[in-house]
Amino acid sequence: MCGIVGYIGEDAVQEVLMYGLEKLEYRGYDSAGIFIFDQKNQGHLFKEKGNIAHLRKHIDFNIPANVGIGHTRWATHGVPSVMNAHPHQSADGRFTLVHNGVIENYLEIKDTYLGNIEGKGNTDSEIVVQLIARLADKQNLSGKEAFREALKIVKGSYAFALLDANTPNVLYAAKNKSPLLIGLGEDFNVVVSDAMASLQQTNQYVEIEDGEMITLTKDSVVIETIDGEKVIRDSYQAELDASDFEKGTHSSYMIKEIEEQAAVIRKIVQHYQDAEGKLSIPTKLRKNLMDADRIHIVACGTSYNAGWVGKPLLENIAEIPVEVHLSSEFSYAPPLISGKPFFIFLTQSGETADSRQVLKMIRKWDYPTLTITNVAGSTLSREANDTLLLHAGPEIAVASTKAYTAQITVLAVVADVLAREKGLEKKINMIPELGIAANAIETIINEKNRISELANLYLEDTRNAFYIGRGLDYFVSMESALKLKEISYIQTEGFAAGELKHGTIALVEEGTPVLAFITQESSANHTRGNIEEVRSRGAKTCVIAMEGLALKTDQFILPKTHPILAPLVAVIPGQLLAYYATLQRGYDVDKPRNLAKSVTVE
Ligand code: F6R
């Protein structure tokens, strides 16, 4: 989704902003722009539809300038275009603003405050910069005071960075619900929506809370509430390193991240092992989980699919009932809540607006909450009672791969801890079993050429496809289908194998690819029956089965893994099939169309 980078210091600002925007590219965007003040305080605006490389060609890097703001836009209000791209300027040219988020009352603001001022584009963001200018003009306010008054009027989610031509050596910012951080340096300060946009300059950050506004110069930072109360907050050192974000010798981030999964599982095990070598989580969290009579997992997309794998893990190993909910549906069909519920938010980014909405609701109800996320300090991490980190390293490819397996692994850690607490530890010897799963992933990665062949054979020129399976294999089908459709654009459904015959089998025709997972003994025969049903109706079937359940005629054999952890292993061919099918079609595996890495609008 949209990204922000603002800089005030002594370096050539164009390069600093472009570095930041390039690092934010992975989040998804359709236009981009920067605004700079040159050393004579003249403003220069550059914005373009399309990618950062295109914007780069239009920027004058020879202008001596040390202050500026930049933005990548993922369209919400108004089509992707130069006019709708940020930064936006007030009609009088005094204020320039970038915005992430959605202003809910922008039409009301337009009617109430803007009179006959006409904007250039159709964005909610442009209304805000016009409002600031109008307030400054009508009420004879300084830029900072006009910004503050505007913040009292706007409703919705926002991260803003603002420049005022009357104070060109000051950068203003504010935040509500959308992420924004201050980065600190010697003779400079930055404001960014994601630390990775400024890791080249600094690893020292200060969080901004909702409802706060910031005044930055190159050597000072002032944080205040919108009502003007000063806030003192310590900085922290980001654990990340700029090199974590490079793809090294890999041709794409996606393949790098797929290949990292075995190492990620081992790292999680190592991280959550205590001095006695047992898996452990913080005591208070463990007690809260032990007190619960039901766990609710709330998530979106791939994280939701991981949640479904977490359900049988927790239910079978730790014997606690689990429900899985789509965040975006939760408030429309809230579950009947038992006496002692516990809520787990699964979110790679920790910023997903749909999930955050639910978290806020649950907090009002005062139930215990845990966020399982890859991003330390992310919004959902800060707002839940507890956080367990995925330790997967930055995931840059838009299609999530290693965060999925990391989420399942962390849920397996939680299940193991609870099982031991309940005296159920004999059910599975979790640490070695996770080790076996990690080894199995490596074996599959070594056979990736075979999966490339399968992608070619089954997916080369198809318009649609099905993944089928039962139980855990169904959940892996859901995730494999999501991977395939989101990057290769092949319309793919993940289906419960037994449900196909109740209607959807009507879509199966000569040559329709049906890819089936068989990793569970209890359902293997039934799924084989469903494979025969579609094959006899012309489907091209591809069976991915686990050693011990596989037939010689199956297309891919998965190394043997504990059945409850089989999704960790079975999903790898699903991810690789998506990856190769996308490459074979000539699309960008890392940046699929229309998608954003962290979805900060509801
Ligand atoms: C798909 C994908 C998305 C995310 C979803 C939730 O590959 O990445 O479906 O899983 O947008 O995002 P997080 O996990 O950040 O809450």
# chains A, B, ... in the order shown; residues from 1 in each chain; ligands from 1
>>> residues_around(residues="Gly115 (chain A)", least_positions_apart="6", cutoff="12 Å", atoms="only C-alpha atoms", output="PyMOL selection string")
chain A and resi 107-109+127+130-131+134+138
>>> residues_near_ligand(ligand="ligand 1", cutoff="8 Å", atoms="only C-alpha atoms and all ligand atoms", output="JSON, numbers by chain")
{"A": [299, 300, 301, 302, 303, 304, 346, 347, 348, 349, 350, 351, 352, 355, 373, 398, 399, 400, 401, 403, 404, 482, 483, 486, 596, 597, 598, 599]}
>>> residues_around(residues="Val514 (chain A)", least_positions_apart="5", cutoff="6 Å", atoms="only C-alpha atoms", output="mmCIF file with C-alpha atoms, in the first residue's frame")
data_model
loop_
_atom_site.group_PDB
_atom_site.id
_atom_site.type_symbol
_atom_site.label_atom_id
_atom_site.label_comp_id
_atom_site.auth_asym_id
_atom_site.auth_seq_id
_atom_site.Cartn_x
_atom_site.Cartn_y
_atom_site.Cartn_z
ATOM 1 C CA ALA A 465 -7.321 -24.620 -12.077
ATOM 2 C CA PHE A 466 -8.380 -26.364 -8.881
ATOM 3 C CA TYR A 467 -6.479 -27.477 -5.820
ATOM 4 C CA THR A 541 -4.850 -34.416 -12.456
#
>>> select_by_dssp(residues="region 218-338 of chain A", states="strand (DSSP E or B)", output="number ranges by chain")
A: 220-225, 230-231, 236-237, 273, 279, 294-299, 322-326
>>> select_by_dssp(residues="region 320-485 of chain A", states="alpha helix (DSSP H)", output="PyMOL selection string")
chain A and resi 327-330+353-364+379-383+402-421+430-446+448-459+472-485
>>> write_last_selection(atoms="C-alpha atoms", output="short mmCIF file (atom, residue, chain, number, x, y, z; two decimals), in the first residue's frame")
data_model
loop_
_atom_site.label_atom_id
_atom_site.label_comp_id
_atom_site.auth_asym_id
_atom_site.auth_seq_id
_atom_site.Cartn_x
_atom_site.Cartn_y
_atom_site.Cartn_z
CA SER A 327 -11.00 -10.18 10.05
CA SER A 328 -13.04 -8.37 7.40
CA GLU A 329 -16.14 -10.40 8.30
CA PHE A 330 -15.74 -10.54 12.05
CA ALA A 353 -6.45 -2.57 8.88
CA ASP A 354 -9.15 -5.27 8.85
CA SER A 355 -7.40 -7.18 11.63
CA ARG A 356 -6.67 -4.04 13.57
CA GLN A 357 -10.36 -3.13 13.56
CA VAL A 358 -11.17 -6.45 15.24
CA LEU A 359 -8.33 -6.06 17.73
CA LYS A 360 -9.71 -2.69 18.79
CA MET A 361 -13.14 -4.22 19.27
CA ILE A 362 -11.75 -7.10 21.35
CA ARG A 363 -9.73 -4.71 23.47
CA LYS A 364 -12.90 -2.78 24.28
CA THR A 379 0.69 -1.49 15.12
CA LEU A 380 -1.00 -4.80 15.96
CA SER A 381 2.01 -5.82 17.96
CA ARG A 382 1.87 -2.66 20.04
CA GLU A 383 -1.86 -2.81 20.54
CA LYS A 402 7.91 -17.77 4.57
CA ALA A 403 5.53 -15.81 6.82
CA TYR A 404 2.92 -18.56 6.25
CA THR A 405 5.22 -21.39 7.32
CA ALA A 406 6.57 -19.22 10.16
CA GLN A 407 3.04 -18.55 11.44
CA ILE A 408 2.28 -22.28 11.47
CA THR A 409 5.57 -22.96 13.24
CA VAL A 410 4.91 -20.38 15.95
CA LEU A 411 1.40 -21.82 16.44
CA ALA A 412 3.05 -25.26 16.76
CA VAL A 413 5.32 -23.79 19.46
CA VAL A 414 2.26 -22.44 21.31
CA ALA A 415 0.47 -25.81 20.96
CA ASP A 416 3.53 -27.63 22.32
CA VAL A 417 3.87 -25.30 25.31
CA LEU A 418 0.18 -25.68 26.21
CA ALA A 419 0.30 -29.45 25.71
CA ARG A 420 3.22 -29.77 28.12
CA GLU A 421 1.41 -27.60 30.66
CA MET A 430 7.68 -31.17 18.56
CA ILE A 431 11.29 -30.00 18.25
CA PRO A 432 12.58 -33.03 16.30
CA GLU A 433 9.38 -33.16 14.23
CA LEU A 434 9.84 -29.51 13.22
CA GLY A 435 13.45 -30.40 12.34
CA ILE A 436 12.19 -33.22 10.09
CA ALA A 437 9.76 -30.80 8.41
CA ALA A 438 12.61 -28.32 7.81
CA ASN A 439 14.75 -31.08 6.24
CA ALA A 440 11.82 -32.13 4.06
CA ILE A 441 11.45 -28.55 2.80
CA GLU A 442 15.11 -28.56 1.77
CA THR A 443 14.65 -31.85 -0.07
CA ILE A 444 11.74 -30.35 -2.04
CA ILE A 445 13.70 -27.19 -2.84
CA ASN A 446 16.43 -29.43 -4.26
CA LYS A 448 12.44 -27.64 -7.72
CA ASN A 449 13.23 -28.36 -11.37
CA ARG A 450 10.66 -31.16 -11.24
CA ILE A 451 8.08 -28.63 -10.01
CA SER A 452 9.01 -26.28 -12.81
CA GLU A 453 8.28 -29.16 -15.24
CA LEU A 454 4.92 -29.77 -13.54
CA ALA A 455 4.04 -26.07 -13.82
CA ASN A 456 4.81 -26.29 -17.50
CA LEU A 457 2.81 -29.49 -17.97
CA TYR A 458 -0.26 -28.53 -15.99
CA LEU A 459 -0.49 -24.75 -15.90
CA LEU A 472 -5.28 -30.26 6.51
CA ASP A 473 -4.83 -30.95 2.78
CA TYR A 474 -7.83 -28.72 2.11
CA PHE A 475 -6.20 -25.90 4.08
CA VAL A 476 -3.00 -26.30 2.04
CA SER A 477 -5.17 -26.27 -1.10
CA MET A 478 -6.62 -22.92 -0.04
CA GLU A 479 -3.17 -21.43 0.39
CA SER A 480 -1.71 -22.98 -2.79
CA ALA A 481 -4.68 -21.68 -4.77
CA LEU A 482 -4.24 -18.19 -3.32
CA LYS A 483 -0.55 -18.22 -4.29
CA LEU A 484 -1.28 -19.37 -7.83
CA LYS A 485 -4.09 -16.93 -8.54
#
